[in-house]
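Listing of target-v2.pdb, PDB, C-alpha atoms
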```
ATOM      1  CA  MET G   1       8.071  25.833   2.823
ATOM      2  CA  THR G   2       6.913  22.226   2.478
ATOM      3  CA  VAL G   3       3.202  21.777   3.199
ATOM      4  CA  THR G   4       2.340  18.409   4.720
ATOM      5  CA  LEU G   5      -0.876  16.708   5.820
ATOM      6  CA  VAL G   6      -0.738  13.849   8.315
ATOM      7  CA  THR G   7      -3.974  11.979   8.972
ATOM      8  CA  GLY G   8      -4.675  10.573  12.416
ATOM      9  CA  ALA G   9      -2.078  12.942  13.791
ATOM     10  CA  ASN G  10      -3.384  13.800  17.245
ATOM     11  CA  LYS G  11      -1.734  10.759  18.852
ATOM     12  CA  GLY G  12       0.669   7.879  18.359
ATOM     13  CA  LEU G  13       2.767   7.584  15.234
ATOM     14  CA  GLY G  14       0.875  10.367  13.478
ATOM     15  CA  ARG G  15       1.572  12.837  16.240
ATOM     16  CA  GLU G  16       5.259  11.934  16.428
ATOM     17  CA  THR G  17       5.546  12.155  12.648
ATOM     18  CA  ALA G  18       3.951  15.603  12.727
ATOM     19  CA  ARG G  19       6.298  16.712  15.520
ATOM     20  CA  ARG G  20       9.366  15.560  13.608
ATOM     21  CA  LEU G  21       8.283  17.143  10.323
ATOM     22  CA  ILE G  22       7.487  20.441  12.041
ATOM     23  CA  LYS G  23      11.009  20.307  13.472
ATOM     24  CA  GLU G  24      12.270  19.723   9.908
ATOM     25  CA  GLY G  25      10.592  22.970   8.877
ATOM     26  CA  HIS G  26       7.382  21.662   7.308
ATOM     27  CA  THR G  27       4.056  23.424   7.646
ATOM     28  CA  VAL G  28       2.143  20.444   9.010
ATOM     29  CA  TYR G  29      -1.618  20.066   8.992
ATOM     30  CA  ILE G  30      -2.641  17.764  11.799
ATOM     31  CA  GLY G  31      -5.664  15.835  10.589
ATOM     32  CA  ALA G  32      -7.864  14.460  13.368
ATOM     33  CA  ARG G  33     -11.501  13.469  13.846
ATOM     34  CA  SER G  34     -11.720  15.106  17.251
ATOM     35  CA  VAL G  35     -11.628  18.885  17.135
ATOM     36  CA  GLU G  36     -10.623  19.106  20.787
ATOM     37  CA  ARG G  37      -7.761  16.598  20.591
ATOM     38  CA  GLY G  38      -6.617  17.822  17.194
ATOM     39  CA  GLN G  39      -6.488  21.448  18.239
ATOM     40  CA  ALA G  40      -4.630  20.520  21.424
ATOM     41  CA  ALA G  41      -2.027  18.554  19.470
ATOM     42  CA  ALA G  42      -1.588  21.347  16.917
ATOM     43  CA  SER G  43      -1.152  23.916  19.670
ATOM     44  CA  GLU G  44       1.402  21.810  21.522
ATOM     45  CA  LEU G  45       3.390  20.908  18.410
ATOM     46  CA  GLY G  46       3.192  24.199  16.551
ATOM     47  CA  GLY G  47       1.203  22.762  13.654
ATOM     48  CA  GLN G  48      -2.074  23.606  11.954
ATOM     49  CA  PHE G  49      -5.224  21.693  12.845
ATOM     50  CA  VAL G  50      -7.693  20.491  10.244
ATOM     51  CA  GLN G  51     -10.725  18.398  11.133
ATOM     52  CA  LEU G  52     -10.569  15.215   9.069
ATOM     53  CA  ASP G  53     -12.431  11.930   9.390
ATOM     54  CA  VAL G  54     -11.107   9.543   6.735
ATOM     55  CA  THR G  55     -14.412   7.636   6.727
ATOM     56  CA  ASP G  56     -16.425  10.746   5.831
ATOM     57  CA  ASP G  57     -16.260  12.130   2.291
ATOM     58  CA  ALA G  58     -17.605  15.543   3.299
ATOM     59  CA  SER G  59     -15.036  15.858   6.081
ATOM     60  CA  VAL G  60     -12.179  14.944   3.731
ATOM     61  CA  GLN G  61     -13.320  17.408   1.063
ATOM     62  CA  ALA G  62     -13.717  20.178   3.646
ATOM     63  CA  ALA G  63     -10.185  19.538   4.950
ATOM     64  CA  MET G  64      -8.745  19.867   1.455
ATOM     65  CA  ARG G  65     -10.602  23.127   0.923
ATOM     66  CA  VAL G  66      -9.014  24.513   4.093
ATOM     67  CA  ILE G  67      -5.522  23.568   2.900
ATOM     68  CA  GLU G  68      -6.216  24.947  -0.572
ATOM     69  CA  GLU G  69      -7.452  28.268   0.779
ATOM     70  CA  ARG G  70      -4.506  28.668   3.140
ATOM     71  CA  GLU G  71      -1.638  27.148   1.133
ATOM     72  CA  GLY G  72      -2.754  26.630  -2.448
ATOM     73  CA  HIS G  73      -0.958  23.290  -2.711
ATOM     74  CA  LEU G  74       0.116  20.179  -0.819
ATOM     75  CA  ASP G  75       3.619  18.697  -1.004
ATOM     76  CA  VAL G  76       3.400  15.666   1.257
ATOM     77  CA  LEU G  77       0.486  13.459   2.265
ATOM     78  CA  VAL G  78       0.974  10.912   5.045
ATOM     79  CA  ASN G  79      -1.923   8.453   5.131
ATOM     80  CA  ASN G  80      -1.446   7.377   8.723
ATOM     81  CA  ALA G  81      -4.982   7.091  10.131
ATOM     82  CA  GLY G  82      -5.943   3.516  10.852
ATOM     83  CA  ILE G  83      -7.671   1.185  13.277
ATOM     84  CA  SER G  84      -7.002  -2.361  14.421
ATOM     85  CA  ALA G  85      -9.523  -5.188  14.424
ATOM     86  CA  SER G  86     -11.080  -6.882  17.413
ATOM     87  CA  ALA G  87     -10.660 -10.613  17.927
ATOM     88  CA  ASN G  88     -14.128 -11.022  16.460
ATOM     89  CA  VAL G  89     -13.773 -11.892  12.783
ATOM     90  CA  SER G  90     -17.008 -10.833  11.152
ATOM     91  CA  GLY G  91     -18.385  -8.928   8.201
ATOM     92  CA  PRO G  92     -19.255  -5.788  10.200
ATOM     93  CA  VAL G  93     -15.791  -5.672  11.778
ATOM     94  CA  ALA G  94     -14.139  -6.142   8.388
ATOM     95  CA  LEU G  95     -16.258  -3.401   6.817
ATOM     96  CA  LYS G  96     -15.314  -0.961   9.583
ATOM     97  CA  VAL G  97     -11.584  -1.728   9.403
ATOM     98  CA  PHE G  98     -11.429  -1.657   5.609
ATOM     99  CA  ASP G  99     -13.439   1.576   5.472
ATOM    100  CA  THR G 100     -10.817   3.299   7.627
ATOM    101  CA  ASN G 101      -7.600   1.568   6.617
ATOM    102  CA  VAL G 102      -8.209   1.074   2.900
ATOM    103  CA  THR G 103     -11.113   3.150   1.599
ATOM    104  CA  GLY G 104      -9.898   5.990   3.821
ATOM    105  CA  VAL G 105      -6.596   6.016   1.939
ATOM    106  CA  ILE G 106      -8.482   6.247  -1.343
ATOM    107  CA  ARG G 107     -10.798   9.010  -0.077
ATOM    108  CA  VAL G 108      -7.967  11.186   1.170
ATOM    109  CA  THR G 109      -5.593  10.524  -1.716
ATOM    110  CA  GLN G 110      -8.208  11.228  -4.378
ATOM    111  CA  ALA G 111      -9.287  14.423  -2.649
ATOM    112  CA  ALA G 112      -5.655  15.522  -2.261
ATOM    113  CA  LEU G 113      -4.604  14.906  -5.875
ATOM    114  CA  PRO G 114      -5.504  18.387  -7.196
ATOM    115  CA  LEU G 115      -3.367  19.958  -4.446
ATOM    116  CA  LEU G 116      -0.520  17.458  -4.853
ATOM    117  CA  ARG G 117      -0.399  18.176  -8.581
ATOM    118  CA  LYS G 118       0.357  21.814  -7.742
ATOM    119  CA  SER G 119       3.530  20.769  -5.913
ATOM    120  CA  ASP G 120       6.956  20.687  -7.556
ATOM    121  CA  HIS G 121       7.739  17.473  -5.696
ATOM    122  CA  PRO G 122       4.610  15.623  -4.474
ATOM    123  CA  VAL G 123       5.063  12.698  -2.103
ATOM    124  CA  VAL G 124       2.560  10.261  -0.576
ATOM    125  CA  VAL G 125       3.468   7.954   2.297
ATOM    126  CA  ASN G 126       1.044   5.154   3.171
ATOM    127  CA  VAL G 127       1.516   3.661   6.629
ATOM    128  CA  SER G 128       1.170  -0.068   6.088
ATOM    129  CA  SER G 129       2.366  -3.053   8.124
ATOM    130  CA  ALA G 130       4.509  -6.136   7.710
ATOM    131  CA  LEU G 131       1.366  -8.012   8.766
ATOM    132  CA  GLY G 132       0.241  -7.189   5.240
ATOM    133  CA  SER G 133       3.461  -8.463   3.639
ATOM    134  CA  PHE G 134       3.040 -11.904   2.048
ATOM    135  CA  TRP G 135       6.775 -12.415   2.448
ATOM    136  CA  ALA G 136       6.809 -11.572   6.177
ATOM    137  CA  VAL G 137       3.737 -13.575   7.167
ATOM    138  CA  THR G 138       5.090 -16.691   5.430
ATOM    139  CA  ASN G 139       8.627 -16.341   6.794
ATOM    140  CA  PRO G 140       9.126 -18.293  10.076
ATOM    141  CA  GLU G 141      11.976 -15.953  11.023
ATOM    142  CA  ARG G 142       9.628 -12.953  11.126
ATOM    143  CA  ARG G 143       7.410 -12.095  14.087
ATOM    144  CA  GLN G 144       4.476 -11.631  11.711
ATOM    145  CA  PHE G 145       4.582 -15.355  10.820
ATOM    146  CA  HIS G 146       3.477 -16.182  14.366
ATOM    147  CA  TYR G 147       0.743 -13.564  14.729
ATOM    148  CA  PRO G 148      -2.481 -14.157  12.778
ATOM    149  CA  ALA G 149      -4.273 -10.926  11.876
ATOM    150  CA  ILE G 150      -7.024 -11.928   9.482
ATOM    151  CA  ILE G 151      -8.760  -8.590   9.039
ATOM    152  CA  TYR G 152      -6.058  -6.084   9.981
ATOM    153  CA  GLY G 153      -3.351  -7.885   7.991
ATOM    154  CA  SER G 154      -5.590  -8.129   4.960
ATOM    155  CA  SER G 155      -6.407  -4.427   5.172
ATOM    156  CA  LYS G 156      -2.721  -3.536   5.233
ATOM    157  CA  ALA G 157      -2.010  -5.825   2.289
ATOM    158  CA  ALA G 158      -4.618  -3.788   0.443
ATOM    159  CA  VAL G 159      -2.853  -0.562   1.454
ATOM    160  CA  SER G 160       0.375  -1.902   0.000
ATOM    161  CA  MET G 161      -1.351  -2.805  -3.268
ATOM    162  CA  LEU G 162      -2.919   0.669  -3.397
ATOM    163  CA  THR G 163       0.584   2.099  -3.100
ATOM    164  CA  VAL G 164       1.834   0.108  -6.091
ATOM    165  CA  GLN G 165      -1.223   0.866  -8.220
ATOM    166  CA  TYR G 166      -1.175   4.604  -7.469
ATOM    167  CA  ALA G 167       2.545   4.706  -8.282
ATOM    168  CA  LYS G 168       1.816   3.052 -11.628
ATOM    169  CA  ALA G 169      -1.117   5.324 -12.430
ATOM    170  CA  LEU G 170       0.512   8.567 -11.265
ATOM    171  CA  PRO G 171       4.257   8.451 -11.957
ATOM    172  CA  GLU G 172       4.541  12.209 -11.356
ATOM    173  CA  ILE G 173       3.831  11.568  -7.644
ATOM    174  CA  LYS G 174       6.046   9.414  -5.437
ATOM    175  CA  PHE G 175       4.026   6.782  -3.572
ATOM    176  CA  ASN G 176       5.660   4.562  -0.967
ATOM    177  CA  ALA G 177       4.409   2.308   1.820
ATOM    178  CA  VAL G 178       6.139   1.984   5.179
ATOM    179  CA  GLU G 179       6.243  -0.494   8.042
ATOM    180  CA  PRO G 180       6.902   1.432  11.282
ATOM    181  CA  GLY G 181       7.483  -1.737  13.307
ATOM    182  CA  PHE G 182       5.822  -3.037  16.471
ATOM    183  CA  THR G 183       5.183   0.250  18.243
ATOM    184  CA  ALA G 184       3.531   1.161  21.544
ATOM    185  CA  THR G 185       0.333   2.876  20.363
ATOM    186  CA  ASP G 186      -3.402   2.469  20.881
ATOM    187  CA  LEU G 187      -3.387  -0.093  18.057
ATOM    188  CA  THR G 188      -1.012  -2.385  19.935
ATOM    189  CA  PRO G 189      -2.982  -5.321  21.390
ATOM    190  CA  VAL G 190      -0.834  -5.444  24.549
ATOM    191  CA  SER G 191      -0.799  -2.158  26.435
ATOM    192  CA  GLY G 192       2.684  -0.663  26.679
ATOM    193  CA  ALA G 193       4.259  -3.282  24.417
ATOM    194  CA  GLY G 194       6.434  -2.348  21.484
ATOM    195  CA  GLN G 195       9.082   0.208  20.632
ATOM    196  CA  PRO G 196       8.601   3.917  21.388
ATOM    197  CA  VAL G 197       6.803   6.051  18.802
ATOM    198  CA  GLU G 198      10.022   7.992  18.233
ATOM    199  CA  LYS G 199      11.540   4.855  16.724
ATOM    200  CA  GLY G 200       8.454   3.883  14.758
ATOM    201  CA  ALA G 201       8.092   7.298  13.170
ATOM    202  CA  GLU G 202      11.631   7.291  11.762
ATOM    203  CA  VAL G 203      10.777   5.448   8.547
ATOM    204  CA  ILE G 204       7.668   7.578   7.997
ATOM    205  CA  VAL G 205       9.685  10.770   8.325
ATOM    206  CA  ARG G 206      12.456   9.371   6.106
ATOM    207  CA  MET G 207      10.032   8.658   3.291
ATOM    208  CA  ALA G 208       8.131  11.910   3.772
ATOM    209  CA  THR G 209      11.356  13.843   3.190
ATOM    210  CA  ILE G 210      12.766  12.036   0.149
ATOM    211  CA  GLY G 211      14.237  14.151  -2.616
ATOM    212  CA  LYS G 212      13.192  14.272  -6.250
ATOM    213  CA  ASP G 213      15.488  11.320  -6.957
ATOM    214  CA  GLY G 214      13.884   9.264  -4.183
ATOM    215  CA  PRO G 215      12.124   5.952  -4.748
ATOM    216  CA  THR G 216       8.526   5.281  -5.633
ATOM    217  CA  SER G 217       6.410   2.119  -5.484
ATOM    218  CA  THR G 218       8.456   0.648  -2.618
ATOM    219  CA  PHE G 219       7.722  -0.847   0.797
ATOM    220  CA  GLN G 220      10.175   0.469   3.382
ATOM    221  CA  GLU G 221      11.161  -0.788   6.831
ATOM    222  CA  GLY G 222      13.885   0.880   8.863
ATOM    223  CA  GLU G 223      16.597   1.904   6.420
ATOM    224  CA  SER G 224      15.826  -0.628   3.715
ATOM    225  CA  GLU G 225      13.125  -2.130   1.528
ATOM    226  CA  LEU G 226      10.740  -4.764   2.803
ATOM    227  CA  PRO G 227       9.594  -7.468   0.375
ATOM    228  CA  TRP G 228       5.906  -7.277  -0.505
TER     229      TRP G 228
END
```
Is it possible to give me this structure as structure tokens?
Amino acid sequence: MTVTLVTGANKGLGRETARRLIKEGHTVYIGARSVERGQAAASELGGQFVQLDVTDDASVQAAMRVIEEREGHLDVLVNNAGISASANVSGPVALKVFDTNVTGVIRVTQAALPLLRKSDHPVVVNVSSALGSFWAVTNPERRQFHYPAIIYGSSKAAVSMLTVQYAKALPEIKFNAVEPGFTATDLTPVSGAGQPVEKGAEVIVRMATIGKDGPTSTFQEGESELPW
């Protein structure tokens, strides 16, 4: 059975991704900072809860030890946990966002590598954003062109670059970034705006379930590639 870890999985896109992958037959570890919310989500979805704060090295290492003791390996890692930035553009805000959205990806990925290397078909999916695509934010036909996101967009551009660099450095593991689209989650600046999470999670699930002949070092949106 495929063993999968989804970070930030107690709500939003992470939760829906976990629900869909559990339905696909995966053993899904629902990573969440809050023990109460994470356990509730795991119980409701039929997954396994693991306490995981992507900004805390000790928490990340402890989560990997739990998965190692129970499963012995990890097949799929979905780096979904992330935060948006306030309207205040400042050093402290940038440090907080980058620590979660960028350094958090590095923390979790590095800690997961020993378990991923024990898989016959390891896959990593990094949830990025078209707000981090140089092509999208400079294309007047794209929504992202009209929406400045200085800190958040920059953090997601970094996530996309991490995806490419990890794919180069570790060709035995498939690394891909995804753009879920404008989705109604806590990160959405306008409450209730955006597509339902069921739609947004589709590309995450698609890339989390690629076969051994699937792509690596790509940026995916919907059913196709998105230019970097």
Axis-aligned box over every listed atom of stretch 7-23 of chain G, padded by 4 Å per side: centre and edges in Å to one decimal, as JSON?
```
{"center_x": 3.2, "center_y": 14.0, "center_z": 13.9, "size_x": 23.7, "size_y": 20.9, "size_z": 17.9}
```
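Picked by the PyMOL selection byres ((chain G and resi 88-101) around 8) from the coordinates shown: Val54, Thr55, Ala81, Gly82, Ile83, Ser84, Ala85, Ser86, Ala87, Val102, Thr103, Gly104, Val105, Ile150, Ile151, Tyr152, Ser155, Lys156 and Val159 of chain G.
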Generate the output file for the selected residues, C-alpha atoms, as a PDB file, keeping the file's coordinate frame.
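Heads up, here's the output in result-v3.pdb:
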```
ATOM      1  CA  VAL G  54     -11.107   9.543   6.735  1.00  0.00           C
ATOM      2  CA  THR G  55     -14.412   7.636   6.727  1.00  0.00           C
ATOM      3  CA  ALA G  81      -4.982   7.091  10.131  1.00  0.00           C
ATOM      4  CA  GLY G  82      -5.943   3.516  10.852  1.00  0.00           C
ATOM      5  CA  ILE G  83      -7.671   1.185  13.277  1.00  0.00           C
ATOM      6  CA  SER G  84      -7.002  -2.361  14.421  1.00  0.00           C
ATOM      7  CA  ALA G  85      -9.523  -5.188  14.424  1.00  0.00           C
ATOM      8  CA  SER G  86     -11.080  -6.882  17.413  1.00  0.00           C
ATOM      9  CA  ALA G  87     -10.660 -10.613  17.927  1.00  0.00           C
ATOM     10  CA  VAL G 102      -8.209   1.074   2.900  1.00  0.00           C
ATOM     11  CA  THR G 103     -11.113   3.150   1.599  1.00  0.00           C
ATOM     12  CA  GLY G 104      -9.898   5.990   3.821  1.00  0.00           C
ATOM     13  CA  VAL G 105      -6.596   6.016   1.939  1.00  0.00           C
ATOM     14  CA  ILE G 150      -7.024 -11.928   9.482  1.00  0.00           C
ATOM     15  CA  ILE G 151      -8.760  -8.590   9.039  1.00  0.00           C
ATOM     16  CA  TYR G 152      -6.058  -6.084   9.981  1.00  0.00           C
ATOM     17  CA  SER G 155      -6.407  -4.427   5.172  1.00  0.00           C
ATOM     18  CA  LYS G 156      -2.721  -3.536   5.233  1.00  0.00           C
ATOM     19  CA  VAL G 159      -2.853  -0.562   1.454  1.00  0.00           C
TER      20      VAL G 159
END
```
- Return the single residue from G:Asn139, G:Ala208, G:Ala158, G:Asp75 that is closest to G:Ser119, with distances computed using only C-alpha atoms.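 Going through G:Asn139, G:Ala208, G:Ala158, G:Asp75 one by one, the smallest distance to G:Ser119 is for G:Asp75.
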- Query: Suppose you want the space between atom CA of G:Gly25 and atom CA of G:Ser160; what is it in Å?
  - Reply: 28.3 Å
- Residues within 12 Å of G:Arg142, only C-alpha atoms, excluding chain neighbours under 4 positions, as a ChimeraX atom specification: /G:130-131,133-138,146-147,181-182,226
- Message: Please determine, counting only C-alpha atoms, which residue among G:Asn126, G:Lys199, G:Gly8, G:Gln110 has the shortest atom-to-atom distance to G:Asp57.
- Response: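 Result for the nearest residue to G:Asp57: G:Gln110.
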Explicit residue set for the PyMOL selection byres ((chain G and resi 21) around 12), as a PDB file with C-alpha atoms, in the coordinates of the input:
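Saved result, selection_23.pdb, follows:
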```pdb
ATOM      1  CA  MET G   1       8.071  25.833   2.823  1.00  0.00           C
ATOM      2  CA  THR G   2       6.913  22.226   2.478  1.00  0.00           C
ATOM      3  CA  VAL G   3       3.202  21.777   3.199  1.00  0.00           C
ATOM      4  CA  THR G   4       2.340  18.409   4.720  1.00  0.00           C
ATOM      5  CA  LEU G   5      -0.876  16.708   5.820  1.00  0.00           C
ATOM      6  CA  VAL G   6      -0.738  13.849   8.315  1.00  0.00           C
ATOM      7  CA  ALA G   9      -2.078  12.942  13.791  1.00  0.00           C
ATOM      8  CA  GLY G  14       0.875  10.367  13.478  1.00  0.00           C
ATOM      9  CA  ARG G  15       1.572  12.837  16.240  1.00  0.00           C
ATOM     10  CA  GLU G  16       5.259  11.934  16.428  1.00  0.00           C
ATOM     11  CA  THR G  17       5.546  12.155  12.648  1.00  0.00           C
ATOM     12  CA  ALA G  18       3.951  15.603  12.727  1.00  0.00           C
ATOM     13  CA  ARG G  19       6.298  16.712  15.520  1.00  0.00           C
ATOM     14  CA  ARG G  20       9.366  15.560  13.608  1.00  0.00           C
ATOM     15  CA  ILE G  22       7.487  20.441  12.041  1.00  0.00           C
ATOM     16  CA  LYS G  23      11.009  20.307  13.472  1.00  0.00           C
ATOM     17  CA  GLU G  24      12.270  19.723   9.908  1.00  0.00           C
ATOM     18  CA  GLY G  25      10.592  22.970   8.877  1.00  0.00           C
ATOM     19  CA  HIS G  26       7.382  21.662   7.308  1.00  0.00           C
ATOM     20  CA  THR G  27       4.056  23.424   7.646  1.00  0.00           C
ATOM     21  CA  VAL G  28       2.143  20.444   9.010  1.00  0.00           C
ATOM     22  CA  TYR G  29      -1.618  20.066   8.992  1.00  0.00           C
ATOM     23  CA  ILE G  30      -2.641  17.764  11.799  1.00  0.00           C
ATOM     24  CA  LEU G  45       3.390  20.908  18.410  1.00  0.00           C
ATOM     25  CA  GLY G  46       3.192  24.199  16.551  1.00  0.00           C
ATOM     26  CA  GLY G  47       1.203  22.762  13.654  1.00  0.00           C
ATOM     27  CA  VAL G  76       3.400  15.666   1.257  1.00  0.00           C
ATOM     28  CA  LEU G  77       0.486  13.459   2.265  1.00  0.00           C
ATOM     29  CA  VAL G  78       0.974  10.912   5.045  1.00  0.00           C
ATOM     30  CA  ALA G 201       8.092   7.298  13.170  1.00  0.00           C
ATOM     31  CA  GLU G 202      11.631   7.291  11.762  1.00  0.00           C
ATOM     32  CA  ILE G 204       7.668   7.578   7.997  1.00  0.00           C
ATOM     33  CA  VAL G 205       9.685  10.770   8.325  1.00  0.00           C
ATOM     34  CA  ARG G 206      12.456   9.371   6.106  1.00  0.00           C
ATOM     35  CA  MET G 207      10.032   8.658   3.291  1.00  0.00           C
ATOM     36  CA  ALA G 208       8.131  11.910   3.772  1.00  0.00           C
ATOM     37  CA  THR G 209      11.356  13.843   3.190  1.00  0.00           C
TER      38      THR G 209
END
```
- Closest to G:Ala42 among G:Gln144, G:Thr218, G:Ser59, G:Asn10, using only C-alpha atoms? G:Asn10
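The gap separating atom CA of G:Gln220 from atom CA of G:Gly38 is 27.8 Å, in Å to one decimal.
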